file my_file33.cif (mmCIF, C-alpha atoms)
data_run
loop_
_atom_site.label_atom_id
_atom_site.label_comp_id
_atom_site.auth_asym_id
_atom_site.auth_seq_id
_atom_site.Cartn_x
_atom_site.Cartn_y
_atom_site.Cartn_z
CA MET O 712 84.06 28.68 65.36
CA ILE O 713 80.89 29.85 63.69
CA GLY O 714 77.81 28.51 65.45
CA LEU O 715 74.11 28.56 64.84
CA THR O 716 73.77 31.76 66.87
CA HIS O 717 76.00 33.70 64.46
CA TYR O 718 73.79 32.84 61.51
CA LEU O 719 70.59 33.57 63.43
CA VAL O 720 71.89 36.97 64.53
CA VAL O 721 72.87 37.89 60.96
CA SER O 722 69.46 36.73 59.80
CA ALA O 723 67.75 38.82 62.48
CA LEU O 724 69.77 41.89 61.47
CA ILE O 725 68.89 41.50 57.80
CA PHE O 726 65.24 40.94 58.70
CA SER O 727 65.27 44.17 60.71
CA ILE O 728 66.76 46.02 57.76
CA GLY O 729 63.89 44.76 55.65
CA LEU O 730 61.44 45.78 58.36
CA VAL O 731 62.81 49.32 58.44
CA GLY O 732 62.46 49.38 54.65
CA VAL O 733 58.84 48.27 54.80
CA LEU O 734 58.09 50.90 57.44
CA ARG O 735 59.77 53.87 55.79
CA ARG O 736 59.28 53.31 52.07
CA ARG O 737 56.38 55.04 50.33
CA ASN O 738 57.16 53.79 46.84
CA LEU O 739 55.58 50.44 45.99
CA LEU O 740 58.55 49.10 44.03
CA MET O 741 60.87 49.86 46.94
CA LEU O 742 58.40 48.16 49.28
CA PHE O 743 58.72 45.04 47.13
CA PHE O 744 62.51 45.19 47.44
CA ALA O 745 62.22 45.41 51.22
CA THR O 746 59.92 42.37 51.23
CA GLU O 747 62.52 40.42 49.25
CA VAL O 748 65.15 41.35 51.84
CA MET O 749 62.94 39.98 54.63
CA LEU O 750 62.26 36.73 52.76
CA ASN O 751 65.98 36.22 52.16
CA ALA O 752 66.74 36.76 55.85
CA VAL O 753 64.28 34.03 56.77
CA ASN O 754 65.88 31.71 54.21
CA ILE O 755 69.29 32.15 55.86
CA ALA O 756 67.81 31.18 59.24
CA PHE O 757 66.13 28.12 57.72
CA ALA O 758 69.33 26.94 56.03
CA ALA O 759 71.40 27.51 59.19
CA ILE O 760 69.01 25.56 61.42
CA SER O 761 68.87 22.83 58.79
CA HIS O 762 72.66 22.57 58.83
CA TYR O 763 73.18 22.61 62.59
CA TYR O 764 70.38 20.18 63.45
CA ASN O 765 71.28 17.93 60.52
CA ASP O 766 67.69 18.13 59.32
CA LEU O 767 66.40 18.70 55.80
CA THR O 768 63.08 20.27 56.80
CA GLY O 769 64.58 23.75 56.95
CA GLN O 770 65.84 23.51 53.38
CA MET O 771 62.42 22.30 52.22
CA PHE O 772 60.77 25.32 53.80
CA ALA O 773 63.34 27.58 52.17
CA PHE O 774 62.44 26.09 48.76
CA PHE O 775 58.78 26.81 49.28
CA VAL O 776 59.59 30.32 50.48
CA ILE O 777 61.50 30.89 47.23
CA ALA O 778 58.58 29.52 45.18
CA ILE O 779 56.12 31.78 46.99
CA ALA O 780 58.43 34.79 46.56
CA ALA O 781 58.67 34.11 42.82
CA SER O 782 54.90 33.96 42.34
CA GLU O 783 54.43 37.00 44.59
CA VAL O 784 56.79 38.98 42.38
CA ALA O 785 55.02 37.86 39.20
CA VAL O 786 51.56 38.88 40.41
CA GLY O 787 52.79 41.96 42.26
CA LEU O 788 54.64 43.39 39.29
CA GLY O 789 51.56 42.87 37.13
CA ILE O 790 49.50 44.85 39.62
CA LEU O 791 52.21 47.51 39.78
CA ILE O 792 52.15 47.93 36.00
CA VAL O 793 48.36 48.26 36.02
CA LEU O 794 48.57 50.85 38.82
CA TYR O 795 51.23 52.80 36.95
CA LYS O 796 49.11 52.80 33.81
CA ARG O 797 46.12 54.13 35.71
CA TYR O 798 47.68 56.65 38.10
CA GLY O 799 51.09 57.41 36.60
CA SER O 800 52.75 56.99 39.95
CA LEU O 801 53.71 54.27 42.41
CA ASP O 802 53.68 56.41 45.52
CA LEU O 803 51.42 55.15 48.26
CA ASP O 804 50.35 58.69 49.20
CA ASP O 805 49.13 59.31 45.65
CA LEU O 806 47.29 56.00 45.55
CA ALA O 807 45.44 56.53 48.83
CA ASN O 808 42.05 57.64 47.54
CA MET O 809 39.81 56.00 50.11
CA ARG O 810 39.80 58.65 52.80
CA GLY O 811 37.06 58.15 55.37
CA MET H 1288 89.32 29.25 59.34
CA TYR H 1289 88.03 29.81 55.80
CA GLU H 1290 84.50 29.39 57.06
CA ILE H 1291 85.00 32.17 59.62
CA VAL H 1292 86.50 34.55 57.07
CA ALA H 1293 83.78 33.76 54.53
CA PHE H 1294 81.02 34.13 57.10
CA TYR H 1295 82.14 37.56 58.31
CA LEU H 1296 82.85 38.78 54.78
CA PHE H 1297 79.45 37.67 53.50
CA SER H 1298 77.62 39.06 56.53
CA VAL H 1299 79.20 42.50 56.36
CA LEU H 1300 78.74 42.75 52.60
CA THR H 1301 75.17 41.47 52.68
CA ILE H 1302 74.11 43.82 55.46
CA GLY H 1303 75.77 46.76 53.72
CA LEU H 1304 74.19 45.98 50.37
CA PHE H 1305 70.74 45.52 51.85
CA LEU H 1306 71.14 48.82 53.72
CA VAL H 1307 71.82 50.42 50.33
CA THR H 1308 68.69 48.71 48.99
CA VAL H 1309 66.54 50.07 51.77
CA MET H 1310 68.03 53.58 51.97
CA SER H 1311 68.78 54.43 48.34
CA LYS H 1312 66.65 56.98 46.54
CA ASN H 1313 67.42 55.57 43.11
CA VAL H 1314 65.57 52.46 41.94
CA LEU H 1315 68.47 51.29 39.80
CA TYR H 1316 70.96 51.42 42.70
CA ALA H 1317 68.50 49.67 44.99
CA MET H 1318 67.90 46.88 42.50
CA THR H 1319 71.60 46.33 41.79
CA ALA H 1320 72.37 46.21 45.50
CA LEU H 1321 69.52 43.74 46.04
CA ALA H 1322 70.77 41.47 43.25
CA SER H 1323 74.35 41.40 44.54
CA GLY H 1324 73.12 40.85 48.11
CA MET H 1325 71.19 37.82 46.89
CA VAL H 1326 74.31 36.42 45.22
CA LEU H 1327 76.13 36.73 48.56
CA ILE H 1328 73.24 35.03 50.37
CA SER H 1329 73.69 32.05 48.08
CA GLY H 1330 77.27 32.09 49.40
CA PHE H 1331 75.84 31.57 52.89
CA PHE H 1332 73.93 28.57 51.60
CA PHE H 1333 77.08 27.08 50.08
CA ILE H 1334 78.94 27.49 53.39
CA LEU H 1335 76.07 25.79 55.19
CA GLY H 1336 76.25 22.76 52.93
CA ALA H 1337 72.90 23.46 51.28
CA ASP H 1338 74.31 23.30 47.75
CA PHE H 1339 71.02 22.75 45.98
CA LEU H 1340 69.38 25.62 47.84
CA GLY H 1341 72.29 27.88 46.88
CA VAL H 1342 71.94 27.00 43.22
CA VAL H 1343 68.17 27.51 43.37
CA GLN H 1344 68.75 30.88 45.03
CA LEU H 1345 71.09 31.88 42.20
CA ILE H 1346 68.80 30.66 39.42
CA VAL H 1347 65.42 31.72 40.79
CA TYR H 1348 66.23 34.87 42.75
CA VAL H 1349 69.16 36.37 40.93
CA GLY H 1350 68.15 34.96 37.58
CA ALA H 1351 64.38 35.05 37.37
CA VAL H 1352 63.15 37.49 40.00
CA MET H 1353 65.74 40.16 39.35
CA ALA H 1354 65.23 39.80 35.58
CA LEU H 1355 61.51 40.27 36.18
CA TYR H 1356 62.21 43.39 38.22
CA SER H 1357 64.51 44.81 35.59
CA PHE H 1358 61.95 44.16 32.86
CA ALA H 1359 59.26 45.78 34.98
CA MET H 1360 61.51 48.78 35.49
CA MET H 1361 61.29 49.46 31.77
CA PHE H 1362 57.67 50.44 32.42
CA PHE H 1363 58.60 52.88 35.16
CA ASP H 1364 60.93 55.83 35.01
CA ALA H 1365 64.04 54.42 36.65
CA THR H 1366 66.46 57.27 36.13
CA ARG H 1367 64.54 59.81 38.18
CA ASP H 1368 65.15 59.86 41.92
CA ILE H 1369 62.21 58.84 44.03
CA LYS H 1370 60.75 61.56 46.16
CA GLU H 1371 59.27 60.12 49.29
CA LYS H 1372 57.55 62.03 52.01
CA ASN H 1373 59.03 60.53 55.13
CA THR H 1374 56.96 61.37 58.12
CA ASN H 1375 58.37 60.23 61.45
CA ALA H 1376 61.70 58.91 60.19
CA GLY H 1377 62.97 58.84 63.77
CA LEU H 1378 60.08 56.70 64.91
CA VAL H 1379 60.70 54.23 62.08
CA PHE H 1380 64.35 53.86 62.97
CA LEU H 1381 63.48 53.57 66.67
CA LEU H 1382 60.98 50.79 65.97
CA GLY H 1383 63.34 49.04 63.56
CA GLY H 1384 66.22 49.25 66.01
CA LEU H 1385 64.08 48.00 68.88
CA SER H 1386 62.81 45.04 66.87
CA ALA H 1387 66.38 44.28 65.77
CA LEU H 1388 67.49 44.35 69.41
CA VAL H 1389 64.66 42.07 70.53
CA LEU H 1390 65.26 39.62 67.67
CA VAL H 1391 69.02 39.51 68.28
CA LEU H 1392 68.50 38.95 72.01
CA MET H 1393 66.00 36.19 71.27
CA PHE H 1394 68.27 34.41 68.82
CA ALA H 1395 71.45 34.95 70.82
CA ALA H 1396 69.94 33.17 73.81
CA PRO H 1397 71.25 29.63 74.13
CA ILE H 1398 68.83 26.88 73.17
CA HIS H 1399 68.27 24.53 76.08
CA SER H 1400 66.34 21.65 74.72
CA ASP H 1401 67.07 18.02 74.12
CA ALA H 1402 63.67 17.55 72.55
CA ILE H 1403 64.80 18.96 69.20
CA GLN H 1404 65.38 16.03 66.90
CA ALA H 1405 65.81 15.84 63.19
CA LEU H 1406 62.54 15.01 61.45
CA TYR H 1407 64.19 14.11 58.14
CA PRO H 1408 67.88 13.62 58.93
CA MET H 1409 70.53 13.98 56.26
CA HIS H 1410 72.07 10.76 55.01
CA GLU H 1411 75.76 10.09 55.29
CA GLY H 1412 77.38 9.63 51.93
CA ALA H 1413 74.51 11.02 49.89
CA GLY H 1414 74.95 14.43 48.35
CA ASN H 1415 72.76 17.36 49.23
CA ALA H 1416 70.87 17.34 45.94
CA GLN H 1417 70.13 13.60 46.32
CA ASP H 1418 68.90 14.09 49.88
CA VAL H 1419 66.72 17.02 48.91
CA GLY H 1420 65.25 15.07 46.01
CA ILE H 1421 64.40 12.07 48.19
CA VAL H 1422 62.66 14.15 50.87
CA LEU H 1423 60.99 16.52 48.39
CA PHE H 1424 59.47 13.76 46.26
CA THR H 1425 58.39 11.53 49.13
CA LYS H 1426 57.47 13.61 52.17
CA TYR H 1427 56.73 16.93 50.50
CA LEU H 1428 55.14 15.76 47.25
CA VAL H 1429 51.73 17.38 47.79
CA PRO H 1430 53.15 20.82 48.78
CA PHE H 1431 55.45 20.53 45.76
CA GLU H 1432 52.52 19.99 43.40
CA VAL H 1433 50.53 22.75 45.07
CA ALA H 1434 53.48 25.09 44.63
CA ALA H 1435 53.61 24.14 40.96
CA VAL H 1436 49.92 24.99 40.54
CA MET H 1437 50.49 28.25 42.44
CA LEU H 1438 53.32 29.20 40.10
CA LEU H 1439 51.08 28.46 37.10
CA VAL H 1440 48.33 30.66 38.55
CA ALA H 1441 50.87 33.41 39.21
CA MET H 1442 52.16 33.18 35.64
CA ILE H 1443 48.66 33.48 34.16
CA ALA H 1444 47.84 36.35 36.53
CA GLY H 1445 51.04 38.15 35.59
CA ILE H 1446 50.39 37.76 31.87
CA ILE H 1447 46.80 38.96 32.16
CA LEU H 1448 47.61 41.89 34.45
CA ALA H 1449 50.64 43.16 32.56
CA GLY H 1450 49.60 42.15 29.05
CA LYS H 1451 46.38 44.14 28.78
CA LYS H 1452 46.55 47.17 26.50
CA MET H 1453 50.19 46.57 25.72
CA ASP H 1454 49.79 48.45 22.45
CA GLN H 1455 48.94 51.72 24.21
CA SER H 1456 51.49 54.21 25.41
CA LEU H 1457 52.28 53.88 29.09
CA THR H 1458 53.76 57.26 29.70
CA GLU H 1459 50.70 59.14 28.49
CA ASP H 1460 53.12 61.75 27.25
CA THR H 1461 51.92 62.18 23.68
CA SER H 1462 53.44 65.65 23.28
CA ALA H 1463 56.52 64.19 21.59
CA ASP H 1464 54.32 62.44 19.01
CA ASP H 1465 52.38 65.65 18.41
CA GLU H 1466 55.61 67.55 17.94
CA ILE H 1467 56.79 65.09 15.31
CA MET H 1468 53.45 65.33 13.54
CA THR H 1469 53.54 69.14 13.42
CA LEU H 1470 57.10 69.03 12.12
CA LYS H 1471 55.96 66.71 9.36
CA ASP H 1472 53.04 68.99 8.56
CA ALA H 1473 55.32 72.01 8.41
CA LYS H 1474 57.41 70.28 5.81
#

call {"tool": "encode", "arguments": {"input": "my_file33.cif", "output": "structure tokens"}}
result
Amino acid sequence: MIGLTHYLVVSALIFSIGLVGVLRRRNLLMLFFATEVMLNAVNIAFAAISHYYNDLTGQMFAFFVIAIAASEVAVGLGILIVLYKRYGSLDLDDLANMRG
Amino acid sequence: MYEIVAFYLFSVLTIGLFLVTVMSKNVLYAMTALASGMVLISGFFFILGADFLGVVQLIVYVGAVMALYSFAMMFFDATRDIKEKNTNAGLVFLLGGLSALVLVLMFAAPIHSDAIQALYPMHEGAGNAQDVGIVLFTKYLVPFEVAAVMLLVAMIAGIILAGKKMDQSLTEDTSADDEIMTLKDAK
């Protein structure tokens, strides 16, 4: 039988995949993809806890996470387009121009 | 039985697709893998009885967010492979693996607590969408409205950021235009 632990472990694995992506990616668009992976992993954990404790709070939090992810993507992609217009690249190493 | 099969199928596929997302050098492959992984995650929600959340995941994530990404990719060169300078790839995988191990150990530990009680318990007989609606519009009304205002702010910010100077060429590669002009002049 599938228990809460199964879902939490899958969620932790997906979150770690997103974490590896955030750590190793140098391209901003790919960094956004990795962030989406992490947000989705957290949503799985919320839904699983909501199901196994018979509580709706987890689902509510998942809704707000989705809303925040949507607005993050809207603003982030706007900034990405502006950056691409100005620098012609989305690589973090090219964008780092504040060397101390 | 079906739940077990579905759970393992969805988990393996989701983890594989998200690995493709994180490891792929091509933006198009990464985005396609991300979109299909999100569809499978909505499958998790349907198994867990969170029907409304699954539908919202499909509409908002797979529908809106991925469409936004694919429209944004028209601004960037998506066919070219991304060249990334990966310093310390071993360290990254070591840190990622360690954090995965710690998280799995934390979540695999049994939960010994009787103090955990449902704050807003689900009602017997009422569907998931009904339950969600009741709790969302009574207990979470203020966060709901704040989220609506936040989405409006994000929409205006997106329009202003992306919409400026839309009439100018993004690629800055005007050589093709010049070539056409010289050809016309030659004629």

call {"tool": "resolve_selection", "arguments": {"input": "my_file33.cif", "expression": "the PyMOL selection byres ((chain O) within 8 of (chain H))", "output": "PyMOL selection string"}}
result
chain O and resi 712-713+716-717+719-721+723-732+734-738+741+744-745+748+751+755+758-759+762+764-768+770-771+773-775+777-779+781-790+792-793+795-796+799+802

call {"tool": "write_last_selection", "arguments": {"input": "my_file33.cif", "atoms": "C-alpha atoms", "output": "PDB file, in the coordinates of the input"}}
result
ATOM      1  CA  MET O 712      84.060  28.680  65.360  1.00  0.00           C
ATOM      2  CA  ILE O 713      80.890  29.850  63.690  1.00  0.00           C
ATOM      3  CA  THR O 716      73.770  31.760  66.870  1.00  0.00           C
ATOM      4  CA  HIS O 717      76.000  33.700  64.460  1.00  0.00           C
ATOM      5  CA  LEU O 719      70.590  33.570  63.430  1.00  0.00           C
ATOM      6  CA  VAL O 720      71.890  36.970  64.530  1.00  0.00           C
ATOM      7  CA  VAL O 721      72.870  37.890  60.960  1.00  0.00           C
ATOM      8  CA  ALA O 723      67.750  38.820  62.480  1.00  0.00           C
ATOM      9  CA  LEU O 724      69.770  41.890  61.470  1.00  0.00           C
ATOM     10  CA  ILE O 725      68.890  41.500  57.800  1.00  0.00           C
ATOM     11  CA  PHE O 726      65.240  40.940  58.700  1.00  0.00           C
ATOM     12  CA  SER O 727      65.270  44.170  60.710  1.00  0.00           C
ATOM     13  CA  ILE O 728      66.760  46.020  57.760  1.00  0.00           C
ATOM     14  CA  GLY O 729      63.890  44.760  55.650  1.00  0.00           C
ATOM     15  CA  LEU O 730      61.440  45.780  58.360  1.00  0.00           C
ATOM     16  CA  VAL O 731      62.810  49.320  58.440  1.00  0.00           C
ATOM     17  CA  GLY O 732      62.460  49.380  54.650  1.00  0.00           C
ATOM     18  CA  LEU O 734      58.090  50.900  57.440  1.00  0.00           C
ATOM     19  CA  ARG O 735      59.770  53.870  55.790  1.00  0.00           C
ATOM     20  CA  ARG O 736      59.280  53.310  52.070  1.00  0.00           C
ATOM     21  CA  ARG O 737      56.380  55.040  50.330  1.00  0.00           C
ATOM     22  CA  ASN O 738      57.160  53.790  46.840  1.00  0.00           C
ATOM     23  CA  MET O 741      60.870  49.860  46.940  1.00  0.00           C
ATOM     24  CA  PHE O 744      62.510  45.190  47.440  1.00  0.00           C
ATOM     25  CA  ALA O 745      62.220  45.410  51.220  1.00  0.00           C
ATOM     26  CA  VAL O 748      65.150  41.350  51.840  1.00  0.00           C
ATOM     27  CA  ASN O 751      65.980  36.220  52.160  1.00  0.00           C
ATOM     28  CA  ILE O 755      69.290  32.150  55.860  1.00  0.00           C
ATOM     29  CA  ALA O 758      69.330  26.940  56.030  1.00  0.00           C
ATOM     30  CA  ALA O 759      71.400  27.510  59.190  1.00  0.00           C
ATOM     31  CA  HIS O 762      72.660  22.570  58.830  1.00  0.00           C
ATOM     32  CA  TYR O 764      70.380  20.180  63.450  1.00  0.00           C
ATOM     33  CA  ASN O 765      71.280  17.930  60.520  1.00  0.00           C
ATOM     34  CA  ASP O 766      67.690  18.130  59.320  1.00  0.00           C
ATOM     35  CA  LEU O 767      66.400  18.700  55.800  1.00  0.00           C
ATOM     36  CA  THR O 768      63.080  20.270  56.800  1.00  0.00           C
ATOM     37  CA  GLN O 770      65.840  23.510  53.380  1.00  0.00           C
ATOM     38  CA  MET O 771      62.420  22.300  52.220  1.00  0.00           C
ATOM     39  CA  ALA O 773      63.340  27.580  52.170  1.00  0.00           C
ATOM     40  CA  PHE O 774      62.440  26.090  48.760  1.00  0.00           C
ATOM     41  CA  PHE O 775      58.780  26.810  49.280  1.00  0.00           C
ATOM     42  CA  ILE O 777      61.500  30.890  47.230  1.00  0.00           C
ATOM     43  CA  ALA O 778      58.580  29.520  45.180  1.00  0.00           C
ATOM     44  CA  ILE O 779      56.120  31.780  46.990  1.00  0.00           C
ATOM     45  CA  ALA O 781      58.670  34.110  42.820  1.00  0.00           C
ATOM     46  CA  SER O 782      54.900  33.960  42.340  1.00  0.00           C
ATOM     47  CA  GLU O 783      54.430  37.000  44.590  1.00  0.00           C
ATOM     48  CA  VAL O 784      56.790  38.980  42.380  1.00  0.00           C
ATOM     49  CA  ALA O 785      55.020  37.860  39.200  1.00  0.00           C
ATOM     50  CA  VAL O 786      51.560  38.880  40.410  1.00  0.00           C
ATOM     51  CA  GLY O 787      52.790  41.960  42.260  1.00  0.00           C
ATOM     52  CA  LEU O 788      54.640  43.390  39.290  1.00  0.00           C
ATOM     53  CA  GLY O 789      51.560  42.870  37.130  1.00  0.00           C
ATOM     54  CA  ILE O 790      49.500  44.850  39.620  1.00  0.00           C
ATOM     55  CA  ILE O 792      52.150  47.930  36.000  1.00  0.00           C
ATOM     56  CA  VAL O 793      48.360  48.260  36.020  1.00  0.00           C
ATOM     57  CA  TYR O 795      51.230  52.800  36.950  1.00  0.00           C
ATOM     58  CA  LYS O 796      49.110  52.800  33.810  1.00  0.00           C
ATOM     59  CA  GLY O 799      51.090  57.410  36.600  1.00  0.00           C
ATOM     60  CA  ASP O 802      53.680  56.410  45.520  1.00  0.00           C
TER      61      ASP O 802
END

call {"tool": "atom_distance", "arguments": {"input": "my_file33.cif", "atom1": "CA of Ser1357 (chain H)", "atom2": "CA of Leu750 (chain O)"}}
result
19.1 Å

call {"tool": "atom_distance", "arguments": {"input": "my_file33.cif", "atom1": "CA of Ile760 (chain O)", "atom2": "CA of Ala1416 (chain H)"}}
result
17.6 Å

call {"tool": "atom_distance", "arguments": {"input": "my_file33.cif", "atom1": "CA of Leu1327 (chain H)", "atom2": "CA of Met1361 (chain H)"}}
result
25.8 Å

call {"tool": "closest_residue", "arguments": {"input": "my_file33.cif", "among": "O:Met749, O:Ala780, O:Leu715, O:Leu791", "to": "Leu803 (chain O)", "atoms": "all atoms listed in the file"}}
result
O:Leu791

call {"tool": "build_atoms", "arguments": {"input": "my_file33.cif", "residues": "region 779-788 of chain O", "atoms": "all heavy atoms", "output": "short mmCIF file (atom, residue, chain, number, x, y, z; two decimals), keeping the file's coordinate frame"}}
result
data_model
loop_
_atom_site.label_atom_id
_atom_site.label_comp_id
_atom_site.auth_asym_id
_atom_site.auth_seq_id
_atom_site.Cartn_x
_atom_site.Cartn_y
_atom_site.Cartn_z
N ILE O 779 57.15 30.79 46.69
CA ILE O 779 56.12 31.78 46.99
C ILE O 779 56.60 33.18 46.63
O ILE O 779 55.85 34.00 46.08
CB ILE O 779 55.73 31.68 48.48
CG1 ILE O 779 54.90 30.43 48.69
CG2 ILE O 779 54.96 32.90 48.93
CD1 ILE O 779 54.64 30.10 50.11
N ALA O 780 57.90 33.47 46.90
CA ALA O 780 58.43 34.79 46.56
C ALA O 780 58.38 35.01 45.05
O ALA O 780 58.03 36.10 44.59
CB ALA O 780 59.86 34.92 47.07
N ALA O 781 58.69 33.96 44.27
CA ALA O 781 58.67 34.11 42.82
C ALA O 781 57.27 34.43 42.32
O ALA O 781 57.07 35.35 41.51
CB ALA O 781 59.21 32.85 42.15
N SER O 782 56.25 33.69 42.84
CA SER O 782 54.90 33.96 42.34
C SER O 782 54.40 35.30 42.84
O SER O 782 53.67 36.01 42.13
CB SER O 782 53.96 32.83 42.73
OG SER O 782 54.15 32.48 44.06
N GLU O 783 54.81 35.69 44.07
CA GLU O 783 54.43 37.00 44.59
C GLU O 783 54.97 38.12 43.69
O GLU O 783 54.24 39.08 43.37
CB GLU O 783 54.98 37.15 46.01
CG GLU O 783 54.86 38.52 46.61
CD GLU O 783 56.20 39.10 46.97
OE1 GLU O 783 57.11 38.32 47.31
OE2 GLU O 783 56.35 40.32 46.89
N VAL O 784 56.21 37.95 43.24
CA VAL O 784 56.79 38.98 42.38
C VAL O 784 56.05 39.05 41.05
O VAL O 784 55.76 40.13 40.54
CB VAL O 784 58.29 38.70 42.16
CG1 VAL O 784 58.83 39.54 41.04
CG2 VAL O 784 59.04 38.99 43.42
N ALA O 785 55.70 37.86 40.50
CA ALA O 785 55.02 37.86 39.20
C ALA O 785 53.68 38.59 39.28
O ALA O 785 53.39 39.48 38.47
CB ALA O 785 54.82 36.42 38.72
N VAL O 786 52.87 38.24 40.29
CA VAL O 786 51.56 38.88 40.41
C VAL O 786 51.71 40.35 40.81
O VAL O 786 51.05 41.23 40.26
CB VAL O 786 50.69 38.11 41.43
CG1 VAL O 786 49.37 38.81 41.61
CG2 VAL O 786 50.48 36.70 40.98
N GLY O 787 52.62 40.60 41.76
CA GLY O 787 52.79 41.96 42.26
C GLY O 787 53.24 42.93 41.19
O GLY O 787 52.74 44.05 41.10
N LEU O 788 54.18 42.48 40.34
CA LEU O 788 54.64 43.39 39.29
C LEU O 788 53.55 43.65 38.27
O LEU O 788 53.44 44.76 37.74
CB LEU O 788 55.89 42.82 38.62
CG LEU O 788 57.15 43.02 39.44
CD1 LEU O 788 58.32 42.35 38.77
CD2 LEU O 788 57.45 44.48 39.62
#
